[in-house]
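my_file.pdb, holding PDB, C-alpha atoms, pLDDT in the B column:
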```
ATOM      1  CA  MET Q 178     -61.593 -61.767  -6.239  1.00 43.00           C
ATOM      2  CA  LYS Q 179     -62.374 -58.083  -6.672  1.00 45.00           C
ATOM      3  CA  LEU Q 180     -60.377 -57.368  -3.517  1.00 36.00           C
ATOM      4  CA  ILE Q 181     -57.339 -59.219  -4.873  1.00 38.00           C
ATOM      5  CA  LEU Q 182     -57.571 -57.434  -8.235  1.00 39.00           C
ATOM      6  CA  GLY Q 183     -57.866 -54.130  -6.376  1.00 45.00           C
ATOM      7  CA  LEU Q 184     -54.732 -54.854  -4.334  1.00 38.00           C
ATOM      8  CA  ILE Q 185     -52.834 -55.851  -7.492  1.00 40.00           C
ATOM      9  CA  LEU Q 186     -53.872 -52.657  -9.274  1.00 45.00           C
ATOM     10  CA  THR Q 187     -52.943 -50.585  -6.198  1.00 44.00           C
ATOM     11  CA  CYS Q 188     -49.498 -52.222  -5.968  1.00 43.00           C
ATOM     12  CA  CYS Q 189     -48.895 -51.680  -9.671  1.00 48.00           C
ATOM     13  CA  THR Q 190     -49.904 -48.039  -9.365  1.00 48.00           C
ATOM     14  CA  LEU Q 191     -47.653 -47.474  -6.326  1.00 42.00           C
ATOM     15  CA  GLY Q 192     -44.779 -49.276  -8.069  1.00 49.00           C
ATOM     16  CA  ALA Q 193     -45.110 -47.117 -11.166  1.00 49.00           C
ATOM     17  CA  PHE Q 194     -45.256 -43.977  -8.994  1.00 47.00           C
ATOM     18  CA  ALA Q 195     -42.162 -45.011  -7.035  1.00 47.00           C
ATOM     19  CA  GLN Q 196     -40.245 -45.791 -10.226  1.00 51.00           C
ATOM     20  CA  GLU Q 197     -41.212 -42.442 -11.734  1.00 51.00           C
ATOM     21  CA  ASN Q 198     -40.065 -40.530  -8.647  1.00 50.00           C
ATOM     22  CA  SER Q 199     -36.851 -42.535  -8.315  1.00 47.00           C
ATOM     23  CA  GLU Q 200     -35.567 -41.272 -11.649  1.00 49.00           C
ATOM     24  CA  LYS Q 201     -32.796 -38.703 -11.393  1.00 50.00           C
ATOM     25  CA  PRO Q 202     -33.836 -35.120 -12.150  1.00 53.00           C
ATOM     26  CA  LYS Q 203     -32.691 -33.813 -15.461  1.00 58.00           C
ATOM     27  CA  LYS Q 204     -29.445 -31.841 -15.389  1.00 64.00           C
ATOM     28  CA  PHE Q 205     -29.951 -28.119 -15.871  1.00 66.00           C
ATOM     29  CA  ASP Q 206     -28.792 -26.889 -19.267  1.00 64.00           C
ATOM     30  CA  TRP Q 207     -26.526 -23.902 -18.494  1.00 62.00           C
ATOM     31  CA  SER Q 208     -25.668 -23.396 -22.173  1.00 63.00           C
ATOM     32  CA  LYS Q 209     -28.791 -21.261 -22.637  1.00 66.00           C
ATOM     33  CA  THR Q 210     -27.986 -18.975 -19.684  1.00 73.00           C
ATOM     34  CA  ASP Q 211     -26.707 -15.464 -20.326  1.00 66.00           C
ATOM     35  CA  PHE Q 212     -23.575 -14.773 -18.236  1.00 67.00           C
ATOM     36  CA  SER Q 213     -22.576 -11.599 -20.100  1.00 67.00           C
ATOM     37  CA  LYS Q 214     -23.608  -9.329 -17.207  1.00 66.00           C
ATOM     38  CA  ARG Q 215     -22.456 -11.691 -14.488  1.00 72.00           C
ATOM     39  CA  ALA Q 216     -21.156 -10.076 -11.289  1.00 73.00           C
ATOM     40  CA  SER Q 217     -18.133 -12.132 -10.259  1.00 82.00           C
ATOM     41  CA  ASP Q 218     -16.624 -10.584  -7.117  1.00 86.00           C
ATOM     42  CA  HIS Q 219     -13.753  -9.045  -9.066  1.00 91.00           C
ATOM     43  CA  PHE Q 220     -12.991  -6.549  -6.304  1.00 95.00           C
ATOM     44  CA  MET Q 221     -12.653  -7.572  -2.681  1.00 96.00           C
ATOM     45  CA  LEU Q 222     -11.856  -5.563   0.446  1.00 98.00           C
ATOM     46  CA  GLN Q 223     -11.215  -7.254   3.792  1.00 98.00           C
ATOM     47  CA  VAL Q 224     -10.948  -5.691   7.239  1.00 98.00           C
ATOM     48  CA  GLY Q 225     -10.718  -7.474  10.554  1.00 98.00           C
ATOM     49  CA  TYR Q 226      -8.736  -8.654  13.548  1.00 97.00           C
ATOM     50  CA  ALA Q 227      -5.137  -9.868  13.174  1.00 97.00           C
ATOM     51  CA  GLY Q 228      -3.654 -12.197  15.776  1.00 94.00           C
ATOM     52  CA  TRP Q 229      -0.554 -14.237  16.423  1.00 90.00           C
ATOM     53  CA  GLY Q 230      -1.008 -17.969  16.801  1.00 70.00           C
ATOM     54  CA  SER Q 231       1.791 -18.115  19.396  1.00 65.00           C
ATOM     55  CA  LYS Q 232       2.624 -15.063  21.510  1.00 69.00           C
ATOM     56  CA  ASP Q 233       5.525 -16.650  23.429  1.00 69.00           C
ATOM     57  CA  GLY Q 234       4.893 -14.321  26.398  1.00 73.00           C
ATOM     58  CA  LEU Q 235       4.836 -11.192  24.221  1.00 87.00           C
ATOM     59  CA  ASN Q 236       2.715  -8.283  25.400  1.00 89.00           C
ATOM     60  CA  VAL Q 237       0.323  -8.178  22.448  1.00 90.00           C
ATOM     61  CA  LYS Q 238      -2.595  -5.905  23.345  1.00 86.00           C
ATOM     62  CA  GLY Q 239      -5.642  -4.159  21.998  1.00 82.00           C
ATOM     63  CA  LEU Q 240      -7.414  -4.663  18.684  1.00 90.00           C
ATOM     64  CA  SER Q 241      -4.728  -5.533  16.166  1.00 95.00           C
ATOM     65  CA  LYS Q 242      -5.957  -5.013  12.607  1.00 96.00           C
ATOM     66  CA  THR Q 243      -5.683  -6.480   9.129  1.00 98.00           C
ATOM     67  CA  PHE Q 244      -6.631  -4.802   5.847  1.00 98.00           C
ATOM     68  CA  ASN Q 245      -6.511  -6.439   2.416  1.00 98.00           C
ATOM     69  CA  ALA Q 246      -7.514  -5.311  -1.085  1.00 98.00           C
ATOM     70  CA  TYR Q 247      -7.605  -7.584  -4.139  1.00 98.00           C
ATOM     71  CA  PHE Q 248      -8.564  -7.578  -7.811  1.00 97.00           C
ATOM     72  CA  LEU Q 249      -9.515 -11.098  -8.884  1.00 96.00           C
ATOM     73  CA  LEU Q 250     -10.290 -12.698 -12.237  1.00 95.00           C
ATOM     74  CA  ASP Q 251     -13.075 -15.277 -11.969  1.00 93.00           C
ATOM     75  CA  PHE Q 252     -13.167 -18.347 -14.243  1.00 94.00           C
ATOM     76  CA  ARG Q 253     -16.425 -20.298 -14.030  1.00 90.00           C
ATOM     77  CA  PHE Q 254     -16.752 -24.022 -14.718  1.00 92.00           C
ATOM     78  CA  LYS Q 255     -18.660 -24.514 -17.999  1.00 87.00           C
ATOM     79  CA  THR Q 256     -20.280 -27.749 -16.806  1.00 88.00           C
ATOM     80  CA  ASN Q 257     -21.332 -26.214 -13.471  1.00 89.00           C
ATOM     81  CA  PRO Q 258     -21.170 -22.385 -13.302  1.00 91.00           C
ATOM     82  CA  LYS Q 259     -21.945 -22.489  -9.593  1.00 92.00           C
ATOM     83  CA  LEU Q 260     -18.271 -23.387  -9.228  1.00 94.00           C
ATOM     84  CA  SER Q 261     -15.421 -21.129 -10.287  1.00 94.00           C
ATOM     85  CA  VAL Q 262     -11.741 -20.426  -9.705  1.00 96.00           C
ATOM     86  CA  ALA Q 263     -10.499 -16.905  -8.957  1.00 96.00           C
ATOM     87  CA  ILE Q 264      -6.969 -15.532  -8.946  1.00 97.00           C
ATOM     88  CA  GLY Q 265      -5.414 -12.081  -8.997  1.00 97.00           C
ATOM     89  CA  PRO Q 266      -3.075  -9.541  -7.373  1.00 98.00           C
ATOM     90  CA  GLY Q 267      -3.550  -7.522  -4.232  1.00 98.00           C
ATOM     91  CA  VAL Q 268      -2.014  -6.063  -1.100  1.00 98.00           C
ATOM     92  CA  GLY Q 269      -2.360  -7.315   2.461  1.00 97.00           C
ATOM     93  CA  SER Q 270      -1.329  -5.523   5.649  1.00 97.00           C
ATOM     94  CA  ASP Q 271      -1.290  -6.360   9.364  1.00 98.00           C
ATOM     95  CA  ASN Q 272      -0.854  -4.068  12.375  1.00 97.00           C
ATOM     96  CA  ILE Q 273      -0.030  -5.843  15.645  1.00 96.00           C
ATOM     97  CA  TYR Q 274      -0.194  -3.672  18.790  1.00 95.00           C
ATOM     98  CA  PHE Q 275       1.997  -4.128  21.877  1.00 93.00           C
ATOM     99  CA  ASN Q 276       1.992  -2.929  25.468  1.00 90.00           C
ATOM    100  CA  LYS Q 277       5.121  -1.758  27.350  1.00 91.00           C
ATOM    101  CA  THR Q 278       7.433  -3.378  24.804  1.00 93.00           C
ATOM    102  CA  ALA Q 279      10.582  -2.121  23.096  1.00 94.00           C
ATOM    103  CA  ILE Q 280      10.791  -3.769  19.657  1.00 95.00           C
ATOM    104  CA  ASP Q 281      14.030  -3.811  17.673  1.00 96.00           C
ATOM    105  CA  VAL Q 282      13.430  -4.947  14.084  1.00 96.00           C
ATOM    106  CA  ALA Q 283      16.832  -3.670  12.912  1.00 95.00           C
ATOM    107  CA  ASN Q 284      18.854  -6.028  15.107  1.00 95.00           C
ATOM    108  CA  ARG Q 285      21.065  -8.081  12.772  1.00 94.00           C
ATOM    109  CA  ASN Q 286      20.883 -11.056  15.136  1.00 95.00           C
ATOM    110  CA  GLY Q 287      17.089 -11.132  15.052  1.00 96.00           C
ATOM    111  CA  THR Q 288      14.077  -9.034  16.068  1.00 96.00           C
ATOM    112  CA  THR Q 289      13.862  -8.614  19.850  1.00 94.00           C
ATOM    113  CA  PHE Q 290      10.919  -7.816  22.145  1.00 94.00           C
ATOM    114  CA  LYS Q 291      11.925  -6.439  25.547  1.00 94.00           C
ATOM    115  CA  ASN Q 292       9.621  -5.521  28.399  1.00 93.00           C
ATOM    116  CA  ASP Q 293       9.887  -1.735  28.926  1.00 93.00           C
ATOM    117  CA  THR Q 294       8.304  -0.324  32.076  1.00 91.00           C
ATOM    118  CA  ILE Q 295      10.248   2.953  31.969  1.00 93.00           C
ATOM    119  CA  THR Q 296       9.031   4.417  28.683  1.00 94.00           C
ATOM    120  CA  ARG Q 297       5.378   5.399  28.608  1.00 94.00           C
ATOM    121  CA  TYR Q 298       3.917   4.388  25.257  1.00 93.00           C
ATOM    122  CA  LYS Q 299       0.731   5.934  23.882  1.00 91.00           C
ATOM    123  CA  LYS Q 300       0.712   3.131  21.327  1.00 90.00           C
ATOM    124  CA  SER Q 301       3.207   0.836  19.677  1.00 94.00           C
ATOM    125  CA  LYS Q 302       2.682  -1.398  16.682  1.00 95.00           C
ATOM    126  CA  LEU Q 303       4.539  -3.735  14.353  1.00 97.00           C
ATOM    127  CA  ALA Q 304       3.261  -3.259  10.798  1.00 97.00           C
ATOM    128  CA  THR Q 305       3.883  -5.447   7.764  1.00 98.00           C
ATOM    129  CA  SER Q 306       2.577  -5.296   4.194  1.00 98.00           C
ATOM    130  CA  TYR Q 307       2.686  -7.873   1.408  1.00 98.00           C
ATOM    131  CA  LEU Q 308       2.131  -8.094  -2.324  1.00 98.00           C
ATOM    132  CA  GLU Q 309      -0.169 -11.105  -2.599  1.00 98.00           C
ATOM    133  CA  ALA Q 310      -1.874 -13.412  -5.092  1.00 97.00           C
ATOM    134  CA  PRO Q 311      -4.960 -15.175  -3.683  1.00 98.00           C
ATOM    135  CA  LEU Q 312      -6.295 -18.341  -5.347  1.00 98.00           C
ATOM    136  CA  GLU Q 313      -9.877 -19.341  -4.503  1.00 97.00           C
ATOM    137  CA  LEU Q 314     -12.191 -22.240  -5.351  1.00 97.00           C
ATOM    138  CA  ARG Q 315     -15.642 -20.655  -5.182  1.00 96.00           C
ATOM    139  CA  TYR Q 316     -19.242 -21.822  -4.937  1.00 96.00           C
ATOM    140  CA  SER Q 317     -22.186 -19.485  -5.558  1.00 93.00           C
ATOM    141  CA  SER Q 318     -25.846 -20.404  -5.244  1.00 92.00           C
ATOM    142  CA  ASN Q 319     -26.615 -17.705  -7.842  1.00 88.00           C
ATOM    143  CA  PRO Q 320     -23.934 -17.974 -10.547  1.00 87.00           C
ATOM    144  CA  VAL Q 321     -25.635 -15.456 -12.833  1.00 84.00           C
ATOM    145  CA  ASN Q 322     -25.269 -12.703 -10.223  1.00 82.00           C
ATOM    146  CA  MET Q 323     -22.886 -13.315  -7.330  1.00 81.00           C
ATOM    147  CA  ASN Q 324     -24.079 -10.062  -5.749  1.00 84.00           C
ATOM    148  CA  SER Q 325     -27.082 -12.104  -4.638  1.00 87.00           C
ATOM    149  CA  GLY Q 326     -27.219 -15.547  -3.047  1.00 90.00           C
ATOM    150  CA  TRP Q 327     -24.999 -17.630  -0.801  1.00 95.00           C
ATOM    151  CA  LYS Q 328     -21.306 -17.960  -1.529  1.00 94.00           C
ATOM    152  CA  PHE Q 329     -18.458 -20.055  -0.168  1.00 96.00           C
ATOM    153  CA  ALA Q 330     -14.736 -20.037  -0.977  1.00 97.00           C
ATOM    154  CA  LEU Q 331     -11.654 -21.982   0.046  1.00 98.00           C
ATOM    155  CA  GLY Q 332      -8.168 -21.138  -1.086  1.00 97.00           C
ATOM    156  CA  VAL Q 333      -4.623 -20.082  -0.467  1.00 98.00           C
ATOM    157  CA  LYS Q 334      -2.732 -16.834  -0.891  1.00 98.00           C
ATOM    158  CA  ILE Q 335       0.959 -16.433  -1.596  1.00 98.00           C
ATOM    159  CA  GLY Q 336       2.727 -13.160  -0.875  1.00 98.00           C
ATOM    160  CA  THR Q 337       6.093 -11.454  -0.769  1.00 98.00           C
ATOM    161  CA  ILE Q 338       6.915  -8.863   1.868  1.00 98.00           C
ATOM    162  CA  LEU Q 339       6.939  -5.203   0.849  1.00 98.00           C
ATOM    163  CA  ASP Q 340       7.549  -3.477   4.153  1.00 97.00           C
ATOM    164  CA  GLY Q 341       8.176  -4.186   7.825  1.00 97.00           C
ATOM    165  CA  LYS Q 342       8.373  -1.512  10.509  1.00 97.00           C
ATOM    166  CA  VAL Q 343       7.732  -0.556  14.114  1.00 97.00           C
ATOM    167  CA  LYS Q 344       5.943   2.696  14.859  1.00 96.00           C
ATOM    168  CA  SER Q 345       5.506   4.014  18.407  1.00 95.00           C
ATOM    169  CA  LYS Q 346       4.094   7.158  19.973  1.00 94.00           C
ATOM    170  CA  ILE Q 347       5.978   8.060  23.152  1.00 95.00           C
ATOM    171  CA  ASP Q 348       4.128   9.937  25.888  1.00 95.00           C
ATOM    172  CA  LEU Q 349       7.153  10.033  28.194  1.00 93.00           C
ATOM    173  CA  ASP Q 350      10.644   8.538  27.891  1.00 92.00           C
ATOM    174  CA  ALA Q 351      13.493   8.018  30.392  1.00 90.00           C
ATOM    175  CA  SER Q 352      14.866  11.525  29.757  1.00 92.00           C
ATOM    176  CA  GLY Q 353      11.529  13.184  30.480  1.00 91.00           C
ATOM    177  CA  LYS Q 354      10.670  13.958  26.850  1.00 93.00           C
ATOM    178  CA  GLY Q 355       7.407  12.941  25.232  1.00 91.00           C
ATOM    179  CA  GLY Q 356       4.770  13.594  22.605  1.00 92.00           C
ATOM    180  CA  TYR Q 357       6.775  12.266  19.659  1.00 94.00           C
ATOM    181  CA  PHE Q 358       6.785   9.340  17.217  1.00 93.00           C
ATOM    182  CA  VAL Q 359       9.550   6.810  16.597  1.00 94.00           C
ATOM    183  CA  LYS Q 360       9.542   4.739  13.412  1.00 95.00           C
ATOM    184  CA  THR Q 361      12.033   2.030  12.443  1.00 96.00           C
ATOM    185  CA  LYS Q 362      11.804   0.350   9.029  1.00 96.00           C
ATOM    186  CA  ASP Q 363      13.707  -2.872   8.410  1.00 97.00           C
ATOM    187  CA  LYS Q 364      12.417  -6.116   6.876  1.00 96.00           C
ATOM    188  CA  ARG Q 365      15.604  -8.191   7.046  1.00 96.00           C
ATOM    189  CA  ASN Q 366      14.379 -10.475   9.843  1.00 97.00           C
ATOM    190  CA  PHE Q 367      10.946 -11.185   8.361  1.00 97.00           C
ATOM    191  CA  ASN Q 368      10.209 -14.216   6.249  1.00 97.00           C
ATOM    192  CA  GLY Q 369      10.169 -12.876   2.684  1.00 97.00           C
ATOM    193  CA  THR Q 370       7.400 -15.283   1.613  1.00 98.00           C
ATOM    194  CA  ARG Q 371       3.984 -15.662   3.210  1.00 98.00           C
ATOM    195  CA  ILE Q 372       1.633 -18.563   2.434  1.00 98.00           C
ATOM    196  CA  ALA Q 373      -1.771 -18.670   4.113  1.00 98.00           C
ATOM    197  CA  GLY Q 374      -4.912 -20.776   3.893  1.00 98.00           C
ATOM    198  CA  THR Q 375      -8.133 -18.802   3.374  1.00 98.00           C
ATOM    199  CA  ALA Q 376     -11.890 -19.342   3.751  1.00 98.00           C
ATOM    200  CA  ARG Q 377     -14.992 -17.192   3.152  1.00 97.00           C
ATOM    201  CA  VAL Q 378     -18.723 -17.630   3.666  1.00 97.00           C
ATOM    202  CA  GLY Q 379     -21.428 -15.067   3.147  1.00 95.00           C
ATOM    203  CA  TYR Q 380     -24.494 -13.803   1.343  1.00 95.00           C
ATOM    204  CA  GLY Q 381     -24.549 -11.165  -1.373  1.00 92.00           C
ATOM    205  CA  ASN Q 382     -21.720  -8.665  -1.115  1.00 94.00           C
ATOM    206  CA  ILE Q 383     -20.861  -9.377   2.533  1.00 96.00           C
ATOM    207  CA  SER Q 384     -18.831 -12.350   3.766  1.00 96.00           C
ATOM    208  CA  LEU Q 385     -17.015 -13.528   6.847  1.00 98.00           C
ATOM    209  CA  PHE Q 386     -13.414 -14.461   6.145  1.00 98.00           C
ATOM    210  CA  GLY Q 387     -10.607 -16.199   7.959  1.00 98.00           C
ATOM    211  CA  THR Q 388      -6.922 -16.833   7.224  1.00 98.00           C
ATOM    212  CA  TYR Q 389      -4.194 -18.864   8.858  1.00 97.00           C
ATOM    213  CA  THR Q 390      -0.527 -18.431   7.928  1.00 96.00           C
ATOM    214  CA  LEU Q 391       1.247 -21.669   7.082  1.00 97.00           C
ATOM    215  CA  THR Q 392       4.742 -20.161   6.999  1.00 97.00           C
ATOM    216  CA  GLU Q 393       6.712 -18.599   9.849  1.00 95.00           C
ATOM    217  CA  PHE Q 394       6.337 -14.834  10.303  1.00 96.00           C
ATOM    218  CA  PHE Q 395      10.058 -14.380  11.028  1.00 96.00           C
ATOM    219  CA  LYS Q 396      12.996 -16.150   9.454  1.00 96.00           C
ATOM    220  CA  VAL Q 397      13.962 -19.173  11.531  1.00 95.00           C
ATOM    221  CA  GLY Q 398      16.256 -18.026  14.358  1.00 94.00           C
ATOM    222  CA  PHE Q 399      15.569 -14.322  13.735  1.00 96.00           C
ATOM    223  CA  GLY Q 400      12.471 -13.866  15.878  1.00 94.00           C
ATOM    224  CA  PRO Q 401       9.870 -15.749  17.909  1.00 92.00           C
ATOM    225  CA  ALA Q 402       7.937 -18.610  16.307  1.00 91.00           C
ATOM    226  CA  VAL Q 403       4.757 -16.907  15.134  1.00 92.00           C
ATOM    227  CA  LYS Q 404       2.071 -17.907  12.619  1.00 93.00           C
ATOM    228  CA  PRO Q 405      -0.450 -15.049  12.278  1.00 95.00           C
ATOM    229  CA  PHE Q 406      -4.181 -15.506  11.679  1.00 96.00           C
ATOM    230  CA  SER Q 407      -7.013 -13.131  10.911  1.00 97.00           C
ATOM    231  CA  ILE Q 408     -10.821 -13.012  10.953  1.00 98.00           C
ATOM    232  CA  GLY Q 409     -13.166 -10.316   9.769  1.00 98.00           C
ATOM    233  CA  LEU Q 410     -15.578  -8.988   7.138  1.00 98.00           C
ATOM    234  CA  ALA Q 411     -15.120  -8.981   3.382  1.00 97.00           C
ATOM    235  CA  ILE Q 412     -16.937  -6.741   0.914  1.00 96.00           C
ATOM    236  CA  SER Q 413     -16.889  -7.983  -2.673  1.00 93.00           C
ATOM    237  CA  GLY Q 414     -18.577  -7.164  -5.956  1.00 88.00           C
ATOM    238  CA  LEU Q 415     -18.454  -6.189  -9.650  1.00 84.00           C
TER
END
```

What would you get if you wrote out this structure as C-alpha cells?
Amino acid sequence: MKLILGLILTCCTLGAFAQENSEKPKKFDWSKTDFSKRASDHFMLQVGYAGWGSKDGLNVKGLSKTFNAYFLLDFRFKTNPKLSVAIGPGVGSDNIYFNKTAIDVANRNGTTFKNDTITRYKKSKLATSYLEAPLELRYSSNPVNMNSGWKFALGVKIGTILDGKVKSKIDLDASGKGGYFVKTKDKRNFNGTRIAGTARVGYGNISLFGTYTLTEFFKVGFGPAVKPFSIGLAISGL
C-alpha cells in the first residue's frame, strides 16, 4: 500500500512539474527599456567585389569593385524592438574591369564590346554610379545597442543612374603612342532604374553583404543581357 501511495505521489509531483515547465515564458516588457541612446546603424559603408551574372563571352578580368555609402533612418517595432525597418538615401558605384576590349558606350545603336588585340591596355573599366534608396527589414539580437550583438537584414534597393563611363589607360596604341588615358561618358544605353535584392549578416559593426540586380543593366536591345551582383564587407554604426 505504501508503495502504491508513493508511486501516486511521485506521479502527481512529476505531473505538476511538467505542467509548470510547459507554461509559456512571460513576454519581456520592452516598455521599461531606455532606447534614447540606441545605436541604429544609421551610417553604412560597403566595399566588395562586383560581378556580372552573365558575361556573354565578354573579357571581364581582375577584381572588379563596388562601393556604396548610405544614411539610413531606423524605425523599430514597438512590440518587438529586435525588429526594425530602415530606409534612406545613398550612392552606389560599380567598376567592372575588362581585358583587351574596346568598349563604346556612346554608340547610339547600343553599347558594344569588341575584342582588341592591337591596343595594349594598362587597364580598362566600365564605371557606373547610382543615387539609391535602400529599404531593409532588420533583426538585432541586441536592440538597445546594435553596435554589439548579431544582426541580420533583408531588403531591396531602388536607384536611378547618375553616371556611366568607360575609362582606359593605354600603354601602346596602333599608332605607336602610349601612356595616356581615354574617358568616354555617356549613359544613354544604360537602364535608368536599378532594383536589387539585398542581404546582410554580421556581428557588431561588421557585416557580410550581398546584392543581386533584378533589372537589366542595359536597356533592352542596347547592350548584352547583364544582371550585376556584388558581395563584400559592410561597416555600419551610429

Residue members of the PyMOL selection byres ((chain Q and resi 403) around 6) in the file shown, as an mmCIF file with C-alpha atoms, in the coordinates of the input:
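The result, stored in out13.cif:
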```cif
data_model
loop_
_atom_site.group_PDB
_atom_site.id
_atom_site.type_symbol
_atom_site.label_atom_id
_atom_site.label_comp_id
_atom_site.auth_asym_id
_atom_site.auth_seq_id
_atom_site.Cartn_x
_atom_site.Cartn_y
_atom_site.Cartn_z
ATOM 1 C CA SER Q 231 1.791 -18.115 19.396
ATOM 2 C CA GLU Q 393 6.712 -18.599 9.849
ATOM 3 C CA PHE Q 394 6.337 -14.834 10.303
ATOM 4 C CA PRO Q 401 9.870 -15.749 17.909
ATOM 5 C CA ALA Q 402 7.937 -18.610 16.307
ATOM 6 C CA LYS Q 404 2.071 -17.907 12.619
#
```

Check which residues satisfy the PyMOL selection byres ((chain Q and resi 253) around 10) in the file shown, then give them as number ranges by chain. Q: 212, 217, 250-252, 254-263, 314-316, 320

Across Q:Thr278, Q:Asn368, Q:Ser345, Q:Ser325, the smallest distance to Phe290 (chain Q), with all atoms listed in the file counted, is shown by Q:Thr278

Q.
Using only C-alpha atoms, can you tell me which of Q:Gly414, Q:Gly400, Q:Gly230, Q:Gly267 comes closest to Ser384 (chain Q)?
A.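 Closest candidate: Q:Gly414.
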
Spatial sel., origin (4.8, -9.9, 21.4), limit 9 Å, all atoms listed in the file, listed as a list in words:
Trp229, Ser231, Lys232, Asp233, Gly234, Leu235, Asn236, Val237, Lys238, Ile273, Tyr274, Phe275, Asn276, Thr278, Ile280, Phe290, Lys291 and Pro401 of chain Q

For Val343 (chain Q), the closest of Q:Asn366, Q:Val321, Q:Ser301, Q:Pro311 counting all atoms listed in the file is Q:Ser301

Hey, what's within 10 Å of Lys354 (chain Q) if we count only C-alpha atoms and toss same-chain stuff fewer than 6 positions away? As a ChimeraX atom specification, please? /Q:296,347-348

I'd like to see the residues matched by the PyMOL selection byres ((chain Q and resi 220) around 6) on this file, and ideally I'd get them as an MDAnalysis selection string.
chainID Q and resid 218:219 221 247:248 413:414

Could you take the residues named above and write them with C-alpha atoms, as a short mmCIF file (atom, residue, chain, number, x, y, z; two decimals), keeping the file's coordinate frame?
```cif
data_model
loop_
_atom_site.label_atom_id
_atom_site.label_comp_id
_atom_site.auth_asym_id
_atom_site.auth_seq_id
_atom_site.Cartn_x
_atom_site.Cartn_y
_atom_site.Cartn_z
CA ASP Q 218 -16.62 -10.58 -7.12
CA HIS Q 219 -13.75 -9.04 -9.07
CA MET Q 221 -12.65 -7.57 -2.68
CA TYR Q 247 -7.60 -7.58 -4.14
CA PHE Q 248 -8.56 -7.58 -7.81
CA SER Q 413 -16.89 -7.98 -2.67
CA GLY Q 414 -18.58 -7.16 -5.96
#
```

Original post:
CA of Pro266 (chain Q) and CA of Ala216 (chain Q), how far apart in Å?
Top reply: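 Separating CA of Ala216 (chain Q) from CA of Pro266 (chain Q) is a distance of 18.5 Å.
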
Work out how far apart CA of Tyr226 (chain Q) and CA of Phe386 (chain Q) are and give it in Å to one decimal.
->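 So the two atoms, CA of Tyr226 (chain Q) and CA of Phe386 (chain Q), lie 10.5 Å apart.
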
| said: With 12 Å as the threshold, what does the neighbourhood of (13.6, -4.6, 18.2) contain in terms of residues, counting all atoms listed in the file? Coordinates are those of the file; answer as a ChimeraX atom specification. | reply: /Q:278-293,301-303,341-345,360-366,399-401

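One finds CA of Leu331 (chain Q) at 12.2 Å from CA of Ser317 (chain Q).
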
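For Thr243 (chain Q), the list of residues within 6 Å, based on only C-alpha atoms and with local chain neighbours fewer than 6 positions off taken out, reads Val224, Gly225, Tyr226, Ala227, Ser270 and Asp271 of chain Q.
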